[in-house]
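K.L.:
Coordinates in protein_10.tsv, TSV, C-alpha atoms, are listed below.
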```
chain	number	residue	atom	x	y	z
A	1	MET	CA	-139.71	87.01	-80.28
A	2	ARG	CA	-138.98	89.10	-77.20
A	3	TRP	CA	-137.15	92.38	-77.77
A	4	ASP	CA	-134.98	94.46	-75.50
A	5	ASP	CA	-133.99	98.08	-76.05
A	6	VAL	CA	-136.09	98.53	-79.19
A	7	TYR	CA	-138.46	101.51	-79.21
A	8	LEU	CA	-140.76	103.48	-81.43
A	9	ARG	CA	-139.21	106.93	-81.23
A	10	ALA	CA	-141.85	108.71	-83.36
A	11	SER	CA	-144.52	108.09	-85.97
A	12	ALA	CA	-146.63	110.08	-88.39
A	13	VAL	CA	-149.51	109.71	-90.84
A	14	HIS	CA	-150.16	111.50	-94.13
A	15	LEU	CA	-153.77	111.24	-95.29
A	16	PRO	CA	-155.63	112.95	-98.14
A	17	ALA	CA	-159.21	114.15	-97.86
A	18	VAL	CA	-162.07	111.78	-97.05
A	19	MET	CA	-164.73	110.78	-99.56
A	20	SER	CA	-167.86	109.97	-97.58
A	21	ALA	CA	-169.59	106.65	-98.09
A	22	ASP	CA	-172.79	108.53	-98.90
A	23	THR	CA	-170.98	110.33	-101.72
A	24	ALA	CA	-169.62	107.03	-103.03
A	25	VAL	CA	-173.14	105.53	-103.05
A	26	GLY	CA	-174.48	108.62	-104.83
A	27	LEU	CA	-171.79	108.30	-107.50
A	28	GLY	CA	-172.62	104.62	-108.03
A	29	LEU	CA	-169.22	103.43	-106.80
A	30	ILE	CA	-170.73	101.09	-104.20
A	31	ASP	CA	-174.24	100.02	-103.24
A	32	ALA	CA	-175.84	101.08	-99.99
A	33	VAL	CA	-176.29	97.49	-98.76
A	34	SER	CA	-172.55	96.77	-98.97
A	35	VAL	CA	-171.75	100.00	-97.16
A	36	LYS	CA	-174.19	99.08	-94.40
A	37	ARG	CA	-172.54	95.68	-93.99
A	38	MET	CA	-169.07	97.20	-93.72
A	39	GLN	CA	-170.35	100.15	-91.63
A	40	SER	CA	-167.86	102.35	-93.46
A	41	THR	CA	-168.42	106.09	-93.22
A	42	GLY	CA	-165.75	107.12	-95.72
A	43	VAL	CA	-162.33	106.56	-97.24
A	44	THR	CA	-159.32	108.76	-97.89
A	45	VAL	CA	-158.86	109.51	-101.60
A	46	GLY	CA	-156.02	111.55	-103.09
A	47	GLU	CA	-154.09	112.43	-106.22
A	48	GLU	CA	-150.62	112.52	-104.67
A	49	SER	CA	-148.35	109.59	-105.54
A	50	ALA	CA	-147.69	106.93	-102.93
A	51	PRO	CA	-143.93	107.65	-102.65
A	52	ASP	CA	-144.61	111.38	-102.23
A	53	MET	CA	-147.06	110.65	-99.42
A	54	ALA	CA	-144.47	108.34	-97.84
A	55	SER	CA	-141.85	111.06	-98.05
A	56	ALA	CA	-144.17	113.56	-96.34
A	57	ALA	CA	-144.91	111.12	-93.53
A	58	ALA	CA	-141.21	110.32	-93.18
A	59	ARG	CA	-140.21	113.97	-92.84
A	60	ALA	CA	-142.82	114.48	-90.12
A	61	ALA	CA	-141.76	111.36	-88.21
A	62	LEU	CA	-138.09	112.33	-88.38
A	63	ARG	CA	-138.86	115.85	-87.12
A	64	ARG	CA	-140.78	114.40	-84.23
A	65	SER	CA	-138.05	111.89	-83.41
A	66	GLY	CA	-135.14	114.32	-83.31
A	67	VAL	CA	-133.02	111.66	-85.05
A	68	ALA	CA	-130.42	113.12	-87.41
A	69	PRO	CA	-130.29	111.76	-90.99
A	70	GLU	CA	-126.79	110.39	-90.44
A	71	ASP	CA	-128.11	108.29	-87.55
A	72	VAL	CA	-130.70	106.48	-89.70
A	73	ALA	CA	-129.05	103.10	-90.38
A	74	LEU	CA	-131.82	101.48	-92.44
A	75	ILE	CA	-134.82	102.60	-94.51
A	76	LEU	CA	-137.65	100.18	-95.31
A	77	HIS	CA	-140.63	101.03	-97.51
A	78	ALA	CA	-143.68	98.73	-97.53
A	79	SER	CA	-146.57	98.81	-99.98
A	80	LEU	CA	-149.22	96.70	-101.71
A	81	TYR	CA	-149.90	98.39	-105.01
A	82	TYR	CA	-148.20	100.20	-107.88
A	83	GLN	CA	-145.80	102.93	-106.77
A	84	GLY	CA	-145.82	105.02	-109.94
A	85	TYR	CA	-143.04	103.60	-112.12
A	86	ASP	CA	-142.05	100.20	-113.46
A	87	MET	CA	-138.87	98.52	-112.18
A	88	TRP	CA	-138.20	101.46	-109.88
A	89	ALA	CA	-137.06	101.72	-106.26
A	90	PRO	CA	-139.47	103.84	-104.19
A	91	ALA	CA	-137.41	103.30	-101.03
A	92	SER	CA	-134.55	105.17	-102.67
A	93	TYR	CA	-136.91	108.01	-103.56
A	94	VAL	CA	-138.05	108.27	-99.94
A	95	GLN	CA	-134.42	108.23	-98.87
A	96	ARG	CA	-133.45	111.01	-101.27
A	97	THR	CA	-136.44	113.28	-100.60
A	98	ALA	CA	-136.93	112.73	-96.87
A	99	VAL	CA	-133.63	111.62	-95.35
A	100	GLY	CA	-130.70	112.46	-97.60
A	101	ASN	CA	-128.23	109.90	-96.29
A	102	ARG	CA	-126.67	106.81	-97.91
A	103	CYS	CA	-127.73	103.91	-95.66
A	104	PRO	CA	-129.37	100.78	-97.12
A	105	ALA	CA	-132.89	101.54	-98.41
A	106	MET	CA	-135.12	98.63	-99.43
A	107	GLU	CA	-138.69	97.64	-100.24
A	108	VAL	CA	-140.76	95.17	-98.23
A	109	ARG	CA	-143.54	93.49	-100.21
A	110	GLN	CA	-145.69	91.40	-97.89
A	111	THR	CA	-149.09	92.86	-98.82
A	112	SER	CA	-151.03	94.18	-95.81
A	113	ASN	CA	-148.49	92.71	-93.40
A	114	GLY	CA	-145.61	94.70	-94.88
A	115	GLY	CA	-145.42	97.31	-92.15
A	116	MET	CA	-145.23	94.73	-89.38
A	117	ALA	CA	-142.70	92.68	-91.34
A	118	ALA	CA	-140.61	95.82	-91.74
A	119	LEU	CA	-140.81	96.42	-88.00
A	120	GLU	CA	-139.29	92.99	-87.32
A	121	LEU	CA	-136.57	93.57	-89.91
A	122	ALA	CA	-135.76	96.97	-88.43
A	123	ALA	CA	-135.65	95.64	-84.87
A	124	ALA	CA	-133.39	92.77	-85.92
A	125	HIS	CA	-131.09	95.07	-87.87
A	126	LEU	CA	-130.64	97.51	-84.99
A	127	THR	CA	-130.11	94.70	-82.50
A	128	ALA	CA	-127.55	92.95	-84.68
A	129	THR	CA	-125.60	96.01	-85.80
A	130	GLY	CA	-125.96	98.33	-82.83
A	131	GLY	CA	-127.33	101.02	-85.11
A	132	THR	CA	-129.13	104.02	-83.67
A	133	ALA	CA	-132.36	104.19	-85.69
A	134	ALA	CA	-134.29	102.84	-88.65
A	135	LEU	CA	-137.03	104.50	-90.69
A	136	ILE	CA	-140.10	102.59	-91.90
A	137	THR	CA	-142.58	104.03	-94.39
A	138	THR	CA	-145.76	102.59	-95.88
A	139	ALA	CA	-147.79	104.11	-98.70
A	140	ASP	CA	-150.35	103.27	-101.36
A	141	ARG	CA	-152.67	105.05	-103.74
A	142	PHE	CA	-155.41	102.62	-104.74
A	143	CYS	CA	-156.76	103.87	-108.04
A	144	ALA	CA	-158.10	102.78	-111.43
A	145	PRO	CA	-157.54	100.98	-113.66
A	146	GLY	CA	-156.01	98.26	-111.51
A	147	ILE	CA	-157.97	98.80	-108.28
A	148	ASP	CA	-161.60	99.44	-107.45
A	149	ARG	CA	-161.16	100.64	-103.88
A	150	TRP	CA	-164.74	99.74	-102.95
A	151	LEU	CA	-165.00	96.35	-104.69
A	152	THR	CA	-161.54	94.82	-105.22
A	153	ASP	CA	-161.48	93.32	-101.70
A	154	PRO	CA	-165.12	92.75	-100.70
A	155	GLY	CA	-165.72	93.75	-97.10
A	156	THR	CA	-162.80	96.18	-96.95
A	157	VAL	CA	-162.40	99.67	-98.44
A	158	LEU	CA	-158.90	100.50	-99.74
A	159	ALA	CA	-157.59	103.91	-98.65
A	160	ASP	CA	-154.93	106.25	-100.00
A	161	GLY	CA	-152.33	107.40	-97.51
A	162	ALA	CA	-148.95	106.90	-95.91
A	163	THR	CA	-147.40	106.25	-92.52
A	164	ALA	CA	-143.90	106.47	-91.11
A	165	ALA	CA	-142.23	105.21	-87.96
A	166	VAL	CA	-138.78	105.78	-86.52
A	167	VAL	CA	-137.54	102.68	-84.70
A	168	ALA	CA	-134.67	103.33	-82.32
A	169	ARG	CA	-132.63	102.03	-79.45
A	170	ASP	CA	-132.28	103.77	-76.10
A	171	GLY	CA	-135.75	105.22	-75.72
A	172	GLY	CA	-138.95	106.35	-77.39
A	173	PHE	CA	-142.67	106.80	-76.78
A	174	ALA	CA	-143.32	103.02	-76.86
A	175	ARG	CA	-141.12	100.00	-76.14
A	176	LEU	CA	-141.43	96.92	-78.32
A	177	LEU	CA	-141.93	93.96	-75.98
A	178	SER	CA	-142.68	91.21	-78.46
A	179	LEU	CA	-143.30	90.66	-82.16
A	180	VAL	CA	-144.40	87.40	-83.78
A	181	LEU	CA	-144.99	86.57	-87.43
A	182	VAL	CA	-146.55	83.29	-88.58
A	183	SER	CA	-146.77	82.03	-92.16
A	184	GLU	CA	-149.24	79.65	-93.83
A	185	PRO	CA	-148.03	79.49	-97.45
A	186	GLU	CA	-150.50	76.78	-98.44
A	187	LEU	CA	-153.09	79.58	-98.59
A	188	GLU	CA	-151.30	81.68	-101.21
A	189	GLU	CA	-153.64	80.34	-103.91
A	190	MET	CA	-156.54	82.33	-102.46
A	191	HIS	CA	-155.47	85.51	-104.26
A	192	ARG	CA	-154.70	83.91	-107.61
A	193	GLY	CA	-157.41	81.26	-107.97
A	194	GLU	CA	-157.22	79.58	-111.37
A	195	ASP	CA	-155.85	82.64	-113.13
A	196	PRO	CA	-152.81	81.89	-115.30
A	197	PRO	CA	-149.63	83.90	-114.72
A	198	GLY	CA	-149.61	87.13	-116.70
A	199	ASP	CA	-146.89	88.60	-118.86
A	200	ALA	CA	-147.29	92.04	-117.29
A	201	SER	CA	-149.09	93.68	-114.40
A	202	LEU	CA	-152.90	93.59	-114.76
A	203	ALA	CA	-152.64	91.56	-117.98
A	204	VAL	CA	-154.90	88.77	-116.67
A	205	ARG	CA	-157.48	90.57	-114.53
A	206	SER	CA	-158.19	94.29	-114.25
A	207	PRO	CA	-159.32	95.60	-111.89
A	208	ILE	CA	-157.98	93.15	-109.33
A	209	ASP	CA	-160.81	91.09	-107.84
A	210	PHE	CA	-159.97	89.15	-104.68
A	211	GLY	CA	-163.60	88.09	-104.38
A	212	ALA	CA	-163.43	86.17	-107.66
A	213	THR	CA	-160.19	84.35	-106.89
A	214	THR	CA	-161.33	83.54	-103.35
A	215	ARG	CA	-164.58	81.99	-104.57
A	216	VAL	CA	-162.63	79.72	-106.91
A	217	TYR	CA	-160.21	78.74	-104.16
A	218	LEU	CA	-162.93	77.97	-101.63
A	219	ARG	CA	-164.32	75.30	-103.95
A	220	THR	CA	-161.10	73.29	-103.67
A	221	PRO	CA	-160.40	70.81	-100.85
A	222	GLU	CA	-157.63	73.09	-99.57
A	223	GLY	CA	-159.95	76.08	-99.68
A	224	GLN	CA	-162.62	74.30	-97.68
A	225	ARG	CA	-160.11	73.87	-94.86
A	226	SER	CA	-158.79	77.42	-95.11
A	227	VAL	CA	-161.13	79.16	-92.67
A	228	ALA	CA	-160.11	76.91	-89.78
A	229	ARG	CA	-156.44	77.16	-90.71
A	230	MET	CA	-156.59	80.96	-90.84
A	231	ALA	CA	-158.30	81.19	-87.47
A	232	ALA	CA	-155.74	78.83	-85.90
A	233	ALA	CA	-152.78	80.74	-87.32
A	234	GLN	CA	-154.12	84.08	-86.11
A	235	THR	CA	-154.78	82.75	-82.61
A	236	GLN	CA	-151.32	81.19	-82.47
A	237	THR	CA	-149.77	84.53	-83.45
A	238	LEU	CA	-151.64	86.52	-80.82
A	239	GLU	CA	-151.06	83.99	-78.05
A	240	ARG	CA	-147.32	83.81	-78.73
A	241	ALA	CA	-146.97	87.59	-78.78
A	242	LEU	CA	-148.82	87.89	-75.47
A	243	GLU	CA	-146.80	85.10	-73.87
A	244	GLU	CA	-143.47	86.53	-74.97
A	245	ALA	CA	-144.48	89.95	-73.64
A	246	GLY	CA	-145.48	88.44	-70.30
A	247	SER	CA	-149.06	89.63	-70.83
A	248	GLU	CA	-152.58	88.33	-70.85
A	249	LEU	CA	-155.34	89.55	-73.13
A	250	ALA	CA	-156.85	91.34	-70.13
A	251	ASP	CA	-153.62	93.32	-69.68
A	252	ILE	CA	-154.00	95.01	-73.07
A	253	ASP	CA	-155.39	98.53	-72.95
A	254	TRP	CA	-155.58	99.13	-76.71
A	255	PHE	CA	-155.97	96.87	-79.71
A	256	VAL	CA	-154.58	98.29	-82.95
A	257	LEU	CA	-156.23	96.20	-85.65
A	258	PRO	CA	-156.35	96.16	-89.44
A	259	HIS	CA	-158.79	98.68	-90.91
A	260	LEU	CA	-161.30	96.09	-92.09
A	261	GLY	CA	-165.06	96.34	-92.49
A	262	ARG	CA	-167.16	95.73	-89.40
A	263	ARG	CA	-168.28	92.22	-90.33
A	264	ARG	CA	-164.68	91.10	-90.80
A	265	LEU	CA	-163.62	92.69	-87.53
A	266	ASP	CA	-166.55	91.10	-85.68
A	267	VAL	CA	-165.72	87.60	-86.97
A	268	ASN	CA	-161.94	87.77	-86.76
A	269	PHE	CA	-161.34	89.89	-83.66
A	270	PHE	CA	-164.21	91.34	-81.66
A	271	ARG	CA	-166.28	88.18	-81.12
A	272	ARG	CA	-163.43	85.68	-81.42
A	273	TYR	CA	-161.32	87.24	-78.64
A	274	GLY	CA	-163.95	89.22	-76.76
A	275	ILE	CA	-162.41	92.58	-77.73
A	276	ASP	CA	-164.46	95.66	-76.90
A	277	PRO	CA	-164.57	97.89	-80.02
A	278	ASP	CA	-164.14	100.90	-77.71
A	279	ARG	CA	-160.61	99.63	-76.97
A	280	THR	CA	-159.78	99.80	-80.68
A	281	LEU	CA	-159.55	102.52	-83.33
A	282	TRP	CA	-162.72	101.33	-85.08
A	283	SER	CA	-164.65	104.60	-84.63
A	284	TRP	CA	-161.83	106.38	-86.52
A	285	SER	CA	-160.69	103.71	-88.98
A	286	ARG	CA	-164.21	103.21	-90.39
A	287	GLY	CA	-163.91	106.70	-91.83
A	288	VAL	CA	-160.39	106.20	-93.19
A	289	GLY	CA	-160.25	102.75	-94.80
A	290	HIS	CA	-157.54	100.14	-95.12
A	291	LEU	CA	-154.12	101.78	-95.51
A	292	GLY	CA	-152.45	98.69	-96.94
A	293	ALA	CA	-149.33	97.98	-94.93
A	294	GLY	CA	-149.79	100.99	-92.65
A	295	ASP	CA	-152.84	100.37	-90.45
A	296	GLN	CA	-150.81	99.54	-87.34
A	297	PHE	CA	-148.55	102.61	-87.49
A	298	ALA	CA	-151.56	104.78	-88.29
A	299	GLY	CA	-153.41	103.45	-85.27
A	300	LEU	CA	-150.48	103.97	-82.92
A	301	THR	CA	-150.06	107.51	-84.20
A	302	ARG	CA	-153.74	108.21	-83.66
A	303	LEU	CA	-153.60	106.95	-80.07
A	304	VAL	CA	-150.68	109.23	-79.28
A	305	GLU	CA	-151.90	112.29	-81.19
A	306	THR	CA	-155.27	112.21	-79.45
A	307	GLY	CA	-153.68	111.80	-76.02
A	308	ARG	CA	-155.38	108.48	-75.35
A	309	ALA	CA	-152.14	106.49	-75.02
A	310	ARG	CA	-150.71	106.87	-71.53
A	311	PRO	CA	-147.38	105.75	-70.06
A	312	GLY	CA	-147.70	102.26	-68.61
A	313	GLN	CA	-150.48	101.20	-70.95
A	314	ARG	CA	-149.99	98.34	-73.37
A	315	ALA	CA	-151.21	97.95	-76.94
A	316	LEU	CA	-151.47	94.86	-79.08
A	317	LEU	CA	-150.86	95.41	-82.78
A	318	ALA	CA	-152.30	92.78	-85.13
A	319	GLY	CA	-151.82	92.34	-88.85
A	320	VAL	CA	-152.62	89.90	-91.62
A	321	GLY	CA	-151.43	89.76	-95.20
A	322	GLY	CA	-152.02	87.63	-98.26
A	323	GLY	CA	-149.70	84.72	-98.69
A	324	PHE	CA	-150.82	84.23	-95.90
A	325	THR	CA	-149.00	85.73	-92.94
A	326	TRP	CA	-150.14	86.98	-89.55
A	327	SER	CA	-148.39	89.30	-87.13
A	328	ALA	CA	-148.86	90.45	-83.56
A	329	ALA	CA	-146.79	92.77	-81.42
A	330	VAL	CA	-147.13	94.07	-77.88
A	331	VAL	CA	-145.83	97.55	-77.10
A	332	GLU	CA	-145.78	99.46	-73.84
A	333	PHE	CA	-146.18	103.21	-73.88
A	334	THR	CA	-143.29	104.69	-71.94
A	335	ASP	CA	-143.51	108.41	-72.57
A	336	LEU	CA	-145.90	111.13	-73.65
A	337	PRO	CA	-144.03	112.92	-76.46
A	338	GLU	CA	-144.37	116.64	-77.14
A	339	TRP	CA	-146.51	115.98	-80.21
A	340	ALA	CA	-148.97	113.77	-78.32
A	341	ALA	CA	-152.11	115.54	-77.19
A	342	SER	CA	-152.02	118.54	-79.48
A	343	GLY	CA	-151.44	116.68	-82.74
A	344	ALA	CA	-148.89	119.36	-83.62
A	345	ASP	CA	-146.68	118.76	-86.65
A	346	ARG	CA	-149.07	116.24	-88.16
A	347	ALA	CA	-148.11	115.32	-91.70
A	348	ASP	CA	-151.69	115.39	-92.97
A	349	LEU	CA	-152.55	118.93	-91.83
```
Can the structure from this file be put into structure tokens for me?
P.N.:
Amino acid sequence: MRWDDVYLRASAVHLPAVMSADTAVGLGLIDAVSVKRMQSTGVTVGEESAPDMASAAARAALRRSGVAPEDVALILHASLYYQGYDMWAPASYVQRTAVGNRCPAMEVRQTSNGGMAALELAAAHLTATGGTAALITTADRFCAPGIDRWLTDPGTVLADGATAAVVARDGGFARLLSLVLVSEPELEEMHRGEDPPGDASLAVRSPIDFGATTRVYLRTPEGQRSVARMAAAQTQTLERALEEAGSELADIDWFVLPHLGRRRLDVNFFRRYGIDPDRTLWSWSRGVGHLGAGDQFAGLTRLVETGRARPGQRALLAGVGGGFTWSAAVVEFTDLPEWAASGADRADL
């Protein structure tokens, strides 16, 4: 969908310290061959809860945006994994600790595509209601017993951390030109395989093992067709987003991609679309890991904080989440905010 008068006013990232891949190998958490295949250099690992990290990122993004709490019309919190309490509303916690207003605050649960899904919901809400701004947060802490950050999703390292973005009308550092989401629900079986439904979280399989369920699924007739279907859905998503933004692939200055291992990025993005890794955040993301629903906001923040994003440039944001869903958005950088080149007021410092 094409968007008018929807902007990213500010964004922020909150990341704990990095555990190097060499340290992980030395501790026996992962073997050296797997690390070499992924080309990971490290992953962020912390003890702080996911909602607390989200709150820290939200406070930083709001400071940067200059948006008053009473002007935040919607709060959306996206995550993949456990947020610390059962049957609890982390979006309300972020609202209470970071914003302090009484607007609607809700969770978005669309696995790794949650941040992009929240962006579409926020843009639609502001367009429909005429509201001033919306706040999006993403956060996860991938820890035992339910997650093995190095092995749960083979080929990708799961990282602790949070992101936040303030979406607003009437100006910001980047204008949202287009945003497309495509769904292929026939593939949802990939992340459950033949496992029966459990009576409680982690009752059937702990830690979570996407490799095991995927192997089972790929033996089915549907699974054998899944690779082609996934490639087609991703291409459709990217092509629609580019078309609706009035852009070609060659017009894109930066590609903000999921923080996957190198082999996955090569197959799904670099070789498939002829993307130069130097036009992505790969050199940084390989030392951070996959931030669940927050890779796209983290990448945008990194481009701005390092001063690499310049007014007039365009970035394509791409996401994919289990279920399966794909997303793609084109944004145009319109301004160099005060927090750009210096990285001042970063939430993770």
K.L.:
For segment 14-26 of chain A, work out the shell of residues within 6 Å, counting all atoms listed in the file and skipping chain neighbours fewer than 6 positions away, then give it as a count of residues only.
P.N.:
11
K.L.:
Quick one, how far is atom CA of Ser11 of chain A from atom CA of Phe142 of chain A?
P.N.:
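So the answer is 22.4 Å.
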K.L.:
I'd like the interatomic distance between atom CA of Met116 of chain A and atom CA of Ile275 of chain A, to a tenth of an Å.
P.N.:
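Atom-to-atom, atom CA of Met116 of chain A to atom CA of Ile275 of chain A, that is 20.9 Å.
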K.L.:
If you measure from atom CA of Arg9 of chain A to atom CA of Ser283 of chain A, what distance in Å do you get, rounded to one decimal?
P.N.:
25.8 Å
K.L.:
With only C-alpha atoms counted and 12 Å as the cut-off, give the residues of segment 168-258 of chain A in contact with segment 93-114 of chain A, each with its shortest interatomic distance in Å and the pair that gives it, as CSV.
P.N.:
```
residue,atom,partner,partner_atom,distance
A:Val180,CA,A:Asn113,CA,11.7
A:Leu181,CA,A:Asn113,CA,9.3
A:Val182,CA,A:Asn113,CA,10.8
A:Ser183,CA,A:Asn113,CA,10.9
A:Glu188,CA,A:Thr111,CA,11.6
A:His191,CA,A:Thr111,CA,11.1
A:Leu257,CA,A:Asn113,CA,11.5
A:Pro258,CA,A:Ser112,CA,8.5
```
K.L.:
List the neighbours of Asp140 of chain A out to 9 Å using all atoms listed in the file; skip same-chain residues closer than 4 positions along the sequence, and give me the result as a list of chain:residue names.
P.N.:
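Everything that qualifies: A:Ser49, A:Ala50, A:Pro51, A:Met53, A:Ala54, A:Ala78, A:Ser79, A:Leu80, A:Tyr81, A:Tyr82, A:Gln83, A:Ala159, A:Asp160, A:Gly161, A:Ala162, A:Leu291, A:Gly292, A:Ala293.
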K.L.:
For segment 218-230 of chain A, find every residue with an atom within 10 Å (counting all atoms listed in the file), except residues of its own chain fewer than 6 positions away, and show them as a list in words.
P.N.:
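Result of the neighbour search: Ser183, Glu184, Glu186, Leu187, Glu189, Met190, Gly193, Gln236, Asn268, Val320, Phe324, Thr325 and Trp326 of chain A.
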K.L.:
Leaving out segment 206-209 of chain A and any residue of its chain fewer than 6 positions from it, which residues lie within 9 Å of it when counting only C-alpha atoms, given as a list in words?
P.N.:
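My reading of the contact set: Ala144, Pro145, Gly146, Ile147, Asp148, Leu151, Thr152, Asp153, Pro154 and His191 of chain A.
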K.L.:
Might you pull out every residue within 12 Å of Gly66 of chain A, with all atoms listed in the file counted and same-chain residues fewer than 6 positions away left off, and present them as a list of chain:residue names?
P.N.:
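What passes the distance filter is A:Arg9, A:Ala10, A:Ser11, A:Arg59, A:Ala60, A:Val72, A:Thr132, A:Ala133, A:Val166, A:Val167, A:Ala168, A:Gly171, A:Gly172, A:Pro337, A:Glu338, A:Trp339.
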K.L.:
Okay, now the selection with C-alpha atoms, as a PDB file, in the coordinates of the input?
P.N.:
```
ATOM      1  CA  ARG A   9    -139.210 106.930 -81.230  1.00  0.00           C
ATOM      2  CA  ALA A  10    -141.850 108.710 -83.360  1.00  0.00           C
ATOM      3  CA  SER A  11    -144.520 108.090 -85.970  1.00  0.00           C
ATOM      4  CA  ARG A  59    -140.210 113.970 -92.840  1.00  0.00           C
ATOM      5  CA  ALA A  60    -142.820 114.480 -90.120  1.00  0.00           C
ATOM      6  CA  VAL A  72    -130.700 106.480 -89.700  1.00  0.00           C
ATOM      7  CA  THR A 132    -129.130 104.020 -83.670  1.00  0.00           C
ATOM      8  CA  ALA A 133    -132.360 104.190 -85.690  1.00  0.00           C
ATOM      9  CA  VAL A 166    -138.780 105.780 -86.520  1.00  0.00           C
ATOM     10  CA  VAL A 167    -137.540 102.680 -84.700  1.00  0.00           C
ATOM     11  CA  ALA A 168    -134.670 103.330 -82.320  1.00  0.00           C
ATOM     12  CA  GLY A 171    -135.750 105.220 -75.720  1.00  0.00           C
ATOM     13  CA  GLY A 172    -138.950 106.350 -77.390  1.00  0.00           C
ATOM     14  CA  PRO A 337    -144.030 112.920 -76.460  1.00  0.00           C
ATOM     15  CA  GLU A 338    -144.370 116.640 -77.140  1.00  0.00           C
ATOM     16  CA  TRP A 339    -146.510 115.980 -80.210  1.00  0.00           C
TER      17      TRP A 339
END
```
K.L.:
Using all atoms listed in the file, can you tell me which of A:Ala117, A:Leu158, A:Val330, A:Leu281 comes closest to Leu265 of chain A?
P.N.:
A:Leu281
K.L.:
Where's the centre, and what are the edge lengths in Å to one decimal, of a box along x, y and z enclosing all listed atoms of segment 249-259 of chain A padded 6 Å per side, as lines of an AutoDock Vina configuration file?
P.N.:
```
center_x = -156.2
center_y = 94.3
center_z = -80.3
size_x = 17.2
size_y = 21.6
size_z = 33.2
```
K.L.:
Given all atoms listed in the file as the basis, pick out the residue of A:Leu135, A:Ala174, A:Met38, A:Ala32 nearest to Leu260 of chain A.
P.N.:
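Smallest distance to Leu260 of chain A is found for A:Met38.
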K.L.:
With distances taken over only C-alpha atoms, which of A:Val304, A:Thr163, A:Asp170, A:Asp4 is nearest to Val67 of chain A?
P.N.:
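For Val67 of chain A, the nearest of the given residues is A:Asp170.
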K.L.:
Please return, as a PDB file with C-alpha atoms, in the coordinates of the input, all polymer residues that have at least one atom within 9 Å of the point (-144.3, 88.9, -72.9); use only C-alpha atoms and the file's own coordinate frame.
P.N.:
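What follows is the written file point29.pdb:
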```
ATOM      1  CA  MET A   1    -139.710  87.010 -80.280  1.00  0.00           C
ATOM      2  CA  ARG A   2    -138.980  89.100 -77.200  1.00  0.00           C
ATOM      3  CA  LEU A 177    -141.930  93.960 -75.980  1.00  0.00           C
ATOM      4  CA  SER A 178    -142.680  91.210 -78.460  1.00  0.00           C
ATOM      5  CA  ARG A 240    -147.320  83.810 -78.730  1.00  0.00           C
ATOM      6  CA  ALA A 241    -146.970  87.590 -78.780  1.00  0.00           C
ATOM      7  CA  LEU A 242    -148.820  87.890 -75.470  1.00  0.00           C
ATOM      8  CA  GLU A 243    -146.800  85.100 -73.870  1.00  0.00           C
ATOM      9  CA  GLU A 244    -143.470  86.530 -74.970  1.00  0.00           C
ATOM     10  CA  ALA A 245    -144.480  89.950 -73.640  1.00  0.00           C
ATOM     11  CA  GLY A 246    -145.480  88.440 -70.300  1.00  0.00           C
ATOM     12  CA  SER A 247    -149.060  89.630 -70.830  1.00  0.00           C
ATOM     13  CA  GLU A 248    -152.580  88.330 -70.850  1.00  0.00           C
ATOM     14  CA  VAL A 330    -147.130  94.070 -77.880  1.00  0.00           C
TER      15      VAL A 330
END
```
K.L.:
Ranking A:Ala61, A:Thr306, A:Ser201, A:Gln39 by minimum distance to Met87 of chain A and counting only C-alpha atoms, which one comes first?
P.N.:
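Answer, going by the shortest atom-to-atom distance: A:Ser201.
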K.L.:
Identify the residues around (-153.1, 104.3, -76.2) within a radius of 12 Å, measuring from only C-alpha atoms in the coordinates stated by the file, and give them as number ranges by chain.
P.N.:
A: 173-174, 252-256, 278-281, 299-317, 330-336, 340-341
K.L.:
Can you complete the atoms of segment 140-146 of chain A to N, CA, C and O atoms and list them as a compact mmCIF listing (two decimals), in the coordinates of the input?
P.N.:
```
# COMPACT_ATOMS: atom_id res chain seq x y z
N ASP A 140 -149.65 103.76 -100.17
CA ASP A 140 -150.35 103.27 -101.36
C ASP A 140 -151.37 104.30 -101.82
O ASP A 140 -151.93 105.05 -101.00
N ARG A 141 -151.56 104.32 -103.14
CA ARG A 141 -152.67 105.05 -103.74
C ARG A 141 -153.44 104.03 -104.58
O ARG A 141 -152.97 103.57 -105.60
N PHE A 142 -154.62 103.66 -104.10
CA PHE A 142 -155.41 102.62 -104.74
C PHE A 142 -156.36 103.25 -105.76
O PHE A 142 -157.40 103.81 -105.39
N CYS A 143 -156.00 103.15 -107.02
CA CYS A 143 -156.76 103.87 -108.04
C CYS A 143 -156.95 103.01 -109.29
O CYS A 143 -156.29 101.98 -109.47
N ALA A 144 -157.88 103.44 -110.15
CA ALA A 144 -158.10 102.78 -111.43
C ALA A 144 -156.86 102.97 -112.31
O ALA A 144 -156.09 103.91 -112.11
N PRO A 145 -156.63 102.06 -113.26
CA PRO A 145 -157.54 100.98 -113.66
C PRO A 145 -157.37 99.68 -112.89
O PRO A 145 -158.19 98.79 -113.01
N GLY A 146 -156.31 99.56 -112.11
CA GLY A 146 -156.01 98.26 -111.51
C GLY A 146 -156.77 97.96 -110.24
O GLY A 146 -156.89 96.79 -109.86
```
